[in-house]
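Q: Next comes query16.cif, mmCIF, C-alpha atoms and all ligand atoms:
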```cif
data_structure
#
loop_
_atom_site.label_atom_id
_atom_site.label_comp_id
_atom_site.auth_asym_id
_atom_site.auth_seq_id
_atom_site.Cartn_x
_atom_site.Cartn_y
_atom_site.Cartn_z
CA MET A 1 0.00 0.00 0.00
CA PRO A 2 1.52 3.46 -0.99
CA ASP A 3 2.60 5.76 1.94
CA ASN A 4 1.80 8.96 0.05
CA PRO A 5 -1.80 10.09 0.90
CA GLN A 6 -2.37 11.27 -2.66
CA ARG A 7 -1.26 7.93 -4.09
CA ARG A 8 -3.40 6.16 -1.55
CA PHE A 9 -6.41 8.22 -2.66
CA GLU A 10 -5.72 7.35 -6.27
CA ALA A 11 -5.38 3.72 -5.40
CA ASP A 12 -8.74 3.83 -3.63
CA LEU A 13 -10.30 5.35 -6.73
CA ALA A 14 -9.08 2.37 -8.71
CA LEU A 15 -11.28 0.06 -6.60
CA ASP A 16 -14.30 -1.24 -8.46
CA PRO A 17 -17.32 -0.36 -6.30
CA ARG A 18 -19.81 -2.28 -8.39
CA ILE A 19 -21.46 -5.12 -6.59
CA ASP A 20 -21.86 -7.07 -9.82
CA SER A 21 -18.25 -6.78 -10.98
CA PRO A 22 -16.76 -10.17 -11.93
CA GLY A 23 -15.86 -12.23 -8.90
CA ARG A 24 -17.83 -10.01 -6.49
CA GLU A 25 -21.29 -11.39 -7.08
CA GLY A 26 -23.22 -11.38 -3.84
CA LEU A 27 -20.59 -9.33 -1.95
CA THR A 28 -21.07 -5.84 -0.49
CA GLY A 29 -18.63 -2.95 -0.08
CA THR A 30 -16.01 -1.65 -2.48
CA THR A 31 -13.09 -3.97 -1.84
CA ARG A 32 -11.50 -5.55 -4.89
CA ALA A 33 -12.78 -9.00 -5.76
CA ASP A 34 -9.40 -10.67 -5.35
CA VAL A 35 -9.42 -9.71 -1.65
CA TYR A 36 -12.19 -12.25 -1.24
CA ALA A 37 -10.65 -14.86 -3.49
CA PRO A 38 -10.10 -18.05 -1.53
CA ARG A 39 -6.51 -18.36 -0.52
CA ARG A 40 -4.72 -21.66 -0.26
CA ASP A 41 -3.12 -22.46 3.01
CA PRO A 42 0.66 -22.05 2.53
CA VAL A 43 1.09 -25.54 3.88
CA ASP A 44 -0.98 -26.78 0.93
CA VAL A 45 1.17 -25.09 -1.66
CA THR A 46 4.10 -26.91 -3.09
CA VAL A 47 7.10 -24.60 -3.32
CA ALA A 48 10.39 -25.98 -4.51
CA PRO A 49 13.55 -24.73 -2.75
CA ASP A 50 14.54 -22.69 -5.81
CA GLY A 51 11.07 -21.07 -5.99
CA ARG A 52 10.34 -22.14 -9.56
CA PRO A 53 6.92 -23.70 -10.33
CA MET A 54 6.65 -27.46 -10.06
CA GLU A 55 6.19 -27.87 -13.83
CA GLU A 56 9.72 -26.56 -14.28
CA GLN A 57 11.22 -28.79 -11.63
CA PRO A 58 13.24 -31.90 -12.50
CA LYS A 59 11.34 -35.20 -12.60
CA TRP A 60 12.94 -36.57 -9.45
CA ARG A 61 11.61 -33.59 -7.48
CA ARG A 62 8.12 -34.05 -8.88
CA ASP A 63 8.25 -37.77 -8.09
CA PHE A 64 9.27 -37.42 -4.48
CA ALA A 65 7.01 -35.40 -2.25
CA ILE A 66 8.45 -32.53 -0.29
CA ASP A 67 5.23 -31.33 1.28
CA TRP A 68 1.75 -32.32 2.27
CA PRO A 69 -0.30 -32.03 -0.99
CA GLU A 70 2.33 -33.88 -2.97
CA ASP A 71 2.33 -36.50 -0.30
CA HIS A 72 -1.24 -37.48 -1.31
CA HIS A 73 0.04 -38.32 -4.78
CA VAL A 74 2.89 -40.34 -3.33
CA ALA A 75 0.44 -42.26 -1.16
CA ARG A 76 -1.55 -43.22 -4.26
CA ARG A 77 1.65 -44.12 -6.08
CA ASP A 78 2.84 -46.21 -3.18
CA PHE A 79 -0.48 -48.01 -3.05
CA THR A 80 -0.21 -48.83 -6.74
CA LYS A 81 3.33 -50.05 -6.22
CA PHE A 82 2.14 -52.17 -3.32
CA LEU A 83 -0.60 -53.73 -5.47
CA VAL A 84 1.81 -54.46 -8.29
CA LEU A 85 4.41 -55.95 -5.97
CA THR A 86 1.98 -58.15 -4.03
CA SER A 87 0.35 -59.36 -7.27
CA GLY A 88 3.80 -60.11 -8.65
CA ALA A 89 4.80 -61.99 -5.52
CA PHE A 90 1.56 -63.98 -5.64
CA ALA A 91 2.11 -64.91 -9.30
CA ALA A 92 5.73 -65.87 -8.57
CA GLY A 93 4.58 -68.06 -5.66
CA GLN A 94 2.08 -69.86 -7.89
CA GLY A 95 4.78 -70.40 -10.49
CA TRP A 96 7.12 -71.81 -7.84
CA ILE A 97 4.47 -74.28 -6.66
CA ALA A 98 3.80 -75.38 -10.25
CA VAL A 99 7.51 -75.93 -10.90
CA GLN A 100 7.90 -77.87 -7.65
CA SER A 101 5.00 -80.15 -8.48
CA LEU A 102 6.44 -80.75 -11.96
CA VAL A 103 9.85 -81.61 -10.50
CA ARG A 104 8.22 -83.95 -7.96
CA LYS A 105 6.28 -85.74 -10.73
CA ARG A 106 9.43 -86.25 -12.80
CA ARG A 107 11.53 -87.44 -9.88
CA PRO A 108 12.41 -91.10 -10.47
CA ALA A 109 10.67 -93.64 -8.24
CA PRO A 110 12.81 -94.67 -5.26
CA GLU A 111 14.65 -97.96 -5.51
CA ARG A 112 12.99 -100.86 -3.80
CA LYS A 113 14.48 -102.01 -0.55
CA ARG A 114 14.35 -105.32 1.28
CA ILE A 115 12.89 -104.88 4.75
CA ALA A 116 12.35 -108.22 6.40
CA SER A 117 11.84 -111.94 6.09
CA LEU A 118 8.16 -112.84 5.80
CA ALA A 119 8.59 -115.89 8.01
CA ALA A 120 9.85 -113.71 10.86
CA LEU A 121 6.77 -111.48 10.81
CA THR A 122 4.41 -113.13 13.22
CA PRO A 123 1.12 -111.31 14.03
CA GLY A 124 1.89 -108.25 16.15
CA ALA A 125 5.49 -107.99 14.88
CA VAL A 126 6.91 -104.54 14.14
CA VAL A 127 10.04 -103.83 12.08
CA ALA A 128 11.58 -100.36 11.88
CA PHE A 129 13.32 -99.38 8.65
CA ASP A 130 14.27 -96.26 6.66
CA TYR A 131 12.68 -95.59 3.28
CA PRO A 132 13.18 -94.08 0.73
CA GLY A 133 16.12 -92.17 2.29
CA GLU A 134 18.19 -92.98 5.32
CA HIS A 135 16.44 -90.21 7.28
CA ASP A 136 12.91 -91.39 6.51
CA PRO A 137 11.92 -93.67 9.40
CA CYS A 138 9.12 -96.15 8.66
CA LEU A 139 7.38 -99.07 10.36
CA LEU A 140 6.42 -102.44 8.91
CA ILE A 141 3.68 -104.04 11.01
CA ARG A 142 1.87 -107.37 10.88
CA THR A 143 -1.57 -106.77 12.33
CA ARG A 144 -3.38 -109.22 14.61
CA GLU A 145 -5.43 -110.21 11.56
CA GLY A 146 -2.23 -111.11 9.69
CA GLU A 147 -2.22 -108.14 7.27
CA LEU A 148 1.11 -106.50 6.39
CA VAL A 149 1.07 -102.70 6.54
CA ALA A 150 3.85 -100.13 6.44
CA TYR A 151 3.81 -96.38 7.08
CA SER A 152 6.12 -93.46 7.52
CA GLN A 153 6.78 -93.09 11.23
CA LYS A 154 6.62 -89.28 11.07
CA CYS A 155 3.38 -87.89 12.44
CA THR A 156 1.67 -85.64 9.89
CA HIS A 157 1.17 -82.99 12.56
CA LEU A 158 4.67 -81.96 13.62
CA ALA A 159 6.71 -85.02 12.62
CA CYS A 160 7.04 -86.72 16.02
CA ALA A 161 7.61 -90.47 15.85
CA VAL A 162 4.38 -92.47 16.06
CA VAL A 163 4.29 -95.60 18.22
CA PRO A 164 2.33 -98.70 17.14
CA ARG A 165 -0.22 -100.16 19.57
CA VAL A 166 -0.99 -103.30 17.64
CA ASP A 167 -3.41 -104.74 20.19
CA GLU A 168 -5.49 -101.53 20.10
CA GLY A 169 -5.31 -101.30 16.29
CA VAL A 170 -3.81 -97.78 16.34
CA LEU A 171 -0.60 -95.83 15.96
CA HIS A 172 -0.23 -93.26 18.72
CA CYS A 173 1.64 -89.95 18.57
CA PRO A 174 2.67 -89.06 22.14
CA CYS A 175 3.54 -85.44 21.36
CA HIS A 176 -0.03 -84.13 21.11
CA GLU A 177 -2.13 -87.28 21.50
CA GLY A 178 -2.66 -87.94 17.82
CA TYR A 179 -4.03 -91.31 16.66
CA PHE A 180 -3.94 -93.16 13.34
CA ASP A 181 -5.81 -96.29 12.32
CA LEU A 182 -3.39 -99.21 12.13
CA ALA A 183 -5.11 -100.93 9.21
CA THR A 184 -5.27 -97.86 6.94
CA GLY A 185 -2.93 -95.23 8.44
CA ARG A 186 -5.76 -92.68 8.46
CA ASN A 187 -5.77 -89.95 11.10
CA ILE A 188 -8.61 -90.71 13.46
CA ALA A 189 -8.06 -88.44 16.49
CA GLY A 190 -6.03 -85.49 17.70
CA PRO A 191 -4.32 -82.79 15.65
CA PRO A 192 -2.78 -84.77 12.75
CA PRO A 193 -4.30 -83.30 9.56
CA ARG A 194 -3.54 -86.13 7.12
CA PRO A 195 -3.07 -89.90 7.03
CA LEU A 196 0.44 -91.26 7.41
CA PRO A 197 2.25 -91.75 4.10
CA ALA A 198 1.85 -95.42 3.22
CA ILE A 199 4.73 -97.57 2.04
CA GLU A 200 3.84 -99.89 -0.81
CA LEU A 201 5.12 -103.40 -0.23
CA ALA A 202 6.06 -106.27 -2.52
CA ILE A 203 6.64 -109.85 -1.44
CA GLU A 204 9.00 -112.10 -3.36
CA GLY A 205 9.46 -115.55 -1.89
CA ASP A 206 10.30 -114.95 1.74
CA ASP A 207 11.40 -111.34 1.26
CA VAL A 208 9.32 -108.25 1.98
CA TYR A 209 10.31 -105.15 -0.01
CA ALA A 210 9.37 -101.49 0.21
CA VAL A 211 8.77 -100.32 -3.36
CA ALA A 212 7.12 -96.87 -3.23
CA VAL A 213 5.72 -94.14 -0.98
CA GLN A 214 2.12 -93.05 -1.24
CA LEU A 215 1.48 -89.49 -0.04
CA ARG A 216 -2.17 -89.07 0.87
CA SER A 217 -4.17 -85.98 1.56
CA THR A 218 -7.31 -87.69 2.89
S1 LIG B 301 3.27 -84.25 16.37
FE1 LIG B 301 1.90 -85.89 16.38
S2 LIG B 301 0.15 -85.10 17.24
FE2 LIG B 301 1.48 -83.43 17.18
#
```
Please express what this file holds, its structure, as structure tokens.
A:
Amino acid sequence: MPDNPQRRFEADLALDPRIDSPGREGLTGTTRADVYAPRRDPVDVTVAPDGRPMEEQPKWRRDFAIDWPEDHHVARRDFTKFLVLTSGAFAAGQGWIAVQSLVRKRRPAPERKRIASLAALTPGAVVAFDYPGEHDPCLLIRTREGELVAYSQKCTHLACAVVPRVDEGVLHCPCHEGYFDLATGRNIAGPPPRPLPAIELAIEGDDVYAVAVQLRST
């Protein structure tokens, strides 16, 4: 505002007193319309350190927020990035599962392994063996009815060793009181979620062989 009274008077004369002048619709008094123009809160205005408008700023400065309004754009951008990354991770996970299942299908069948002499397996007999690898404990059991069954000894809950109770017709897991049916290997009580993997057997003369592992989901 000019200090000189004459200049101030002239400046006042320049004010548009008309109520219907553009931008003053509905307002009273003689103040210029831009006095009433809504002002943006300074905190909402993006000002780069060098003072130039954002359109003239380098891309990196436009991409990375330096104040609050720009931060809204970054939040949207981050959300989009998050969606893209999580979708990508999900797709990669599915691909990994597919590859694993393909590899498992193409894996050669394990070699058969002699476990015991048939003549030595009287009803109630239990023979421990490892199959297909040396760290895969299994049990061969002759039930009271004379059937030969064999299962992985690792509980399908948390891999504790199951203990056969031939007289009761069950395999018991002492860790969390899980039970499996001796004749079928199915989980019948407690936390185990799946049946025990069954070991396929073959009998040749007096020899009992393990020939394959059957993974079962139900
Ligand atoms: S580990 Fe067998 S019931 Fe939990």
Q: Report as a PyMOL selection string all protein, DNA and RNA residues lying within 12 Å of Tyr151 (chain A), evaluated on only C-alpha atoms, omitting residues in the same chain fewer than 3 positions from it.
A: chain A and resi 126-132+136-142+148+154-156+161-164+171+180-186+195-201+210+212-216
Q: Please write the residues from the selection above to a file, keeping C-alpha atoms, as a PDB file, in the frame of the given file.
A:
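Written file, part-v5.pdb:
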```pdb
ATOM      1  CA  VAL A 126       6.910-104.540  14.140  1.00  0.00           C
ATOM      2  CA  VAL A 127      10.040-103.830  12.080  1.00  0.00           C
ATOM      3  CA  ALA A 128      11.580-100.360  11.880  1.00  0.00           C
ATOM      4  CA  PHE A 129      13.320 -99.380   8.650  1.00  0.00           C
ATOM      5  CA  ASP A 130      14.270 -96.260   6.660  1.00  0.00           C
ATOM      6  CA  TYR A 131      12.680 -95.590   3.280  1.00  0.00           C
ATOM      7  CA  PRO A 132      13.180 -94.080   0.730  1.00  0.00           C
ATOM      8  CA  ASP A 136      12.910 -91.390   6.510  1.00  0.00           C
ATOM      9  CA  PRO A 137      11.920 -93.670   9.400  1.00  0.00           C
ATOM     10  CA  CYS A 138       9.120 -96.150   8.660  1.00  0.00           C
ATOM     11  CA  LEU A 139       7.380 -99.070  10.360  1.00  0.00           C
ATOM     12  CA  LEU A 140       6.420-102.440   8.910  1.00  0.00           C
ATOM     13  CA  ILE A 141       3.680-104.040  11.010  1.00  0.00           C
ATOM     14  CA  ARG A 142       1.870-107.370  10.880  1.00  0.00           C
ATOM     15  CA  LEU A 148       1.110-106.500   6.390  1.00  0.00           C
ATOM     16  CA  LYS A 154       6.620 -89.280  11.070  1.00  0.00           C
ATOM     17  CA  CYS A 155       3.380 -87.890  12.440  1.00  0.00           C
ATOM     18  CA  THR A 156       1.670 -85.640   9.890  1.00  0.00           C
ATOM     19  CA  ALA A 161       7.610 -90.470  15.850  1.00  0.00           C
ATOM     20  CA  VAL A 162       4.380 -92.470  16.060  1.00  0.00           C
ATOM     21  CA  VAL A 163       4.290 -95.600  18.220  1.00  0.00           C
ATOM     22  CA  PRO A 164       2.330 -98.700  17.140  1.00  0.00           C
ATOM     23  CA  LEU A 171      -0.600 -95.830  15.960  1.00  0.00           C
ATOM     24  CA  PHE A 180      -3.940 -93.160  13.340  1.00  0.00           C
ATOM     25  CA  ASP A 181      -5.810 -96.290  12.320  1.00  0.00           C
ATOM     26  CA  LEU A 182      -3.390 -99.210  12.130  1.00  0.00           C
ATOM     27  CA  ALA A 183      -5.110-100.930   9.210  1.00  0.00           C
ATOM     28  CA  THR A 184      -5.270 -97.860   6.940  1.00  0.00           C
ATOM     29  CA  GLY A 185      -2.930 -95.230   8.440  1.00  0.00           C
ATOM     30  CA  ARG A 186      -5.760 -92.680   8.460  1.00  0.00           C
ATOM     31  CA  PRO A 195      -3.070 -89.900   7.030  1.00  0.00           C
ATOM     32  CA  LEU A 196       0.440 -91.260   7.410  1.00  0.00           C
ATOM     33  CA  PRO A 197       2.250 -91.750   4.100  1.00  0.00           C
ATOM     34  CA  ALA A 198       1.850 -95.420   3.220  1.00  0.00           C
ATOM     35  CA  ILE A 199       4.730 -97.570   2.040  1.00  0.00           C
ATOM     36  CA  GLU A 200       3.840 -99.890  -0.810  1.00  0.00           C
ATOM     37  CA  LEU A 201       5.120-103.400  -0.230  1.00  0.00           C
ATOM     38  CA  ALA A 210       9.370-101.490   0.210  1.00  0.00           C
ATOM     39  CA  ALA A 212       7.120 -96.870  -3.230  1.00  0.00           C
ATOM     40  CA  VAL A 213       5.720 -94.140  -0.980  1.00  0.00           C
ATOM     41  CA  GLN A 214       2.120 -93.050  -1.240  1.00  0.00           C
ATOM     42  CA  LEU A 215       1.480 -89.490  -0.040  1.00  0.00           C
ATOM     43  CA  ARG A 216      -2.170 -89.070   0.870  1.00  0.00           C
TER      44      ARG A 216
END
```
Q: Ligand LIG 301 (chain B): which residues are within 10 Å, counting all atoms listed in the file? Reply as a VMD selection string.
A: chain A and resid 154 to 162 172 to 180 187 189 to 193
Q: Please produce a file of the residues just selected, as a compact mmCIF listing (two decimals), in the frame of the given file, where the atoms kept are C-alpha atoms.
A:
```txt
# COMPACT_ATOMS: atom_id res chain seq x y z
CA LYS A 154 6.62 -89.28 11.07
CA CYS A 155 3.38 -87.89 12.44
CA THR A 156 1.67 -85.64 9.89
CA HIS A 157 1.17 -82.99 12.56
CA LEU A 158 4.67 -81.96 13.62
CA ALA A 159 6.71 -85.02 12.62
CA CYS A 160 7.04 -86.72 16.02
CA ALA A 161 7.61 -90.47 15.85
CA VAL A 162 4.38 -92.47 16.06
CA HIS A 172 -0.23 -93.26 18.72
CA CYS A 173 1.64 -89.95 18.57
CA PRO A 174 2.67 -89.06 22.14
CA CYS A 175 3.54 -85.44 21.36
CA HIS A 176 -0.03 -84.13 21.11
CA GLU A 177 -2.13 -87.28 21.50
CA GLY A 178 -2.66 -87.94 17.82
CA TYR A 179 -4.03 -91.31 16.66
CA PHE A 180 -3.94 -93.16 13.34
CA ASN A 187 -5.77 -89.95 11.10
CA ALA A 189 -8.06 -88.44 16.49
CA GLY A 190 -6.03 -85.49 17.70
CA PRO A 191 -4.32 -82.79 15.65
CA PRO A 192 -2.78 -84.77 12.75
CA PRO A 193 -4.30 -83.30 9.56
```
Q: What is the CA of Gly133 (chain A)-CA of Ala150 (chain A) distance in Å, reported with one decimal?
A: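 Between these atoms lies a distance of 15.2 Å.
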Q: May I ask for the distance between CA of Leu118 (chain A) and CA of Val170 (chain A), given in Å to one decimal place?
A: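 These atoms are spaced 21.9 Å apart.
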Q: Report, in Å to a single decimal, how far apart CA of Asp63 (chain A) and CA of Thr80 (chain A) are.
A: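 That distance, rounded to one decimal, is 14.0 Å.
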Q: Nearest residue to Ala119 (chain A) out of A:Ile203, A:Ile188, A:Ile97, A:Val103, using all atoms listed in the file?
A: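 Smallest separation from Ala119 (chain A) among the options: A:Ile203.
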Q: Working from the structure I just supplied, which lacks atoms in region 174-210 of chain A, can you model N, CA and C atoms there and output them as a compact mmCIF listing (two decimals), in the coordinates of the input?
A:
```txt
# COMPACT_ATOMS: atom_id res chain seq x y z
N PRO A 174 2.68 -89.54 20.76
CA PRO A 174 2.67 -89.06 22.14
C PRO A 174 2.84 -87.55 22.27
N CYS A 175 3.28 -86.89 21.21
CA CYS A 175 3.54 -85.44 21.36
C CYS A 175 2.28 -84.66 21.67
N HIS A 176 1.20 -84.90 20.88
CA HIS A 176 -0.03 -84.13 21.11
C HIS A 176 -1.25 -85.05 21.07
N GLU A 177 -1.02 -86.32 21.43
CA GLU A 177 -2.13 -87.28 21.50
C GLU A 177 -2.84 -87.44 20.16
N GLY A 178 -2.06 -87.65 19.12
CA GLY A 178 -2.66 -87.94 17.82
C GLY A 178 -2.80 -89.45 17.64
N TYR A 179 -3.81 -89.88 16.89
CA TYR A 179 -4.03 -91.31 16.66
C TYR A 179 -4.26 -91.57 15.18
N PHE A 180 -3.74 -92.71 14.72
CA PHE A 180 -3.94 -93.16 13.34
C PHE A 180 -4.45 -94.60 13.39
N ASP A 181 -5.29 -94.93 12.41
CA ASP A 181 -5.81 -96.29 12.32
C ASP A 181 -4.70 -97.21 11.82
N LEU A 182 -4.49 -98.32 12.50
CA LEU A 182 -3.39 -99.21 12.13
C LEU A 182 -3.61 -99.86 10.77
N ALA A 183 -4.85 -100.20 10.45
CA ALA A 183 -5.11 -100.93 9.21
C ALA A 183 -4.97 -100.04 7.98
N THR A 184 -5.26 -98.73 8.12
CA THR A 184 -5.27 -97.86 6.94
C THR A 184 -4.26 -96.70 7.04
N GLY A 185 -3.82 -96.38 8.25
CA GLY A 185 -2.93 -95.23 8.44
C GLY A 185 -3.67 -93.91 8.49
N ARG A 186 -5.00 -93.94 8.46
CA ARG A 186 -5.76 -92.68 8.46
C ARG A 186 -5.73 -92.03 9.84
N ASN A 187 -5.71 -90.70 9.84
CA ASN A 187 -5.77 -89.95 11.10
C ASN A 187 -7.17 -90.06 11.66
N ILE A 188 -7.28 -90.50 12.90
CA ILE A 188 -8.61 -90.71 13.46
C ILE A 188 -8.87 -89.86 14.71
N ALA A 189 -7.83 -89.28 15.32
CA ALA A 189 -8.06 -88.44 16.49
C ALA A 189 -6.85 -87.54 16.71
N GLY A 190 -7.12 -86.41 17.38
CA GLY A 190 -6.03 -85.49 17.70
C GLY A 190 -5.72 -84.56 16.54
N PRO A 191 -4.61 -83.84 16.65
CA PRO A 191 -4.32 -82.79 15.65
C PRO A 191 -3.79 -83.23 14.29
N PRO A 192 -3.33 -84.46 14.08
CA PRO A 192 -2.78 -84.77 12.75
C PRO A 192 -3.78 -84.46 11.64
N PRO A 193 -3.36 -83.72 10.61
CA PRO A 193 -4.30 -83.30 9.56
C PRO A 193 -4.44 -84.28 8.41
N ARG A 194 -3.52 -85.21 8.28
CA ARG A 194 -3.54 -86.13 7.12
C ARG A 194 -3.19 -87.54 7.57
N PRO A 195 -3.51 -88.53 6.73
CA PRO A 195 -3.07 -89.90 7.03
C PRO A 195 -1.54 -89.98 6.96
N LEU A 196 -1.00 -91.01 7.54
CA LEU A 196 0.44 -91.26 7.41
C LEU A 196 0.74 -91.67 5.98
N PRO A 197 1.87 -91.23 5.42
CA PRO A 197 2.25 -91.75 4.10
C PRO A 197 2.38 -93.27 4.18
N ALA A 198 1.80 -93.95 3.21
CA ALA A 198 1.85 -95.42 3.22
C ALA A 198 3.01 -95.90 2.37
N ILE A 199 3.64 -96.98 2.81
CA ILE A 199 4.73 -97.57 2.04
C ILE A 199 4.17 -98.78 1.29
N GLU A 200 4.32 -98.74 -0.02
CA GLU A 200 3.84 -99.89 -0.81
C GLU A 200 4.83 -101.04 -0.65
N LEU A 201 4.28 -102.23 -0.49
CA LEU A 201 5.12 -103.40 -0.23
C LEU A 201 5.03 -104.38 -1.40
N ALA A 202 6.07 -105.17 -1.54
CA ALA A 202 6.06 -106.27 -2.52
C ALA A 202 6.69 -107.48 -1.83
N ILE A 203 6.11 -108.63 -2.08
CA ILE A 203 6.64 -109.85 -1.44
C ILE A 203 7.16 -110.76 -2.54
N GLU A 204 8.40 -111.17 -2.39
CA GLU A 204 9.00 -112.10 -3.36
C GLU A 204 9.60 -113.24 -2.57
N GLY A 205 8.99 -114.41 -2.69
CA GLY A 205 9.46 -115.55 -1.89
C GLY A 205 9.27 -115.22 -0.43
N ASP A 206 10.39 -115.22 0.31
CA ASP A 206 10.30 -114.95 1.74
C ASP A 206 10.68 -113.49 2.06
N ASP A 207 10.91 -112.70 1.01
CA ASP A 207 11.40 -111.34 1.26
C ASP A 207 10.28 -110.30 1.12
N VAL A 208 10.28 -109.37 2.05
CA VAL A 208 9.32 -108.25 1.98
C VAL A 208 10.11 -107.00 1.57
N TYR A 209 9.63 -106.35 0.50
CA TYR A 209 10.31 -105.15 -0.01
C TYR A 209 9.41 -103.92 0.14
N ALA A 210 10.06 -102.78 0.36
CA ALA A 210 9.37 -101.49 0.21
C ALA A 210 9.63 -101.05 -1.22
```
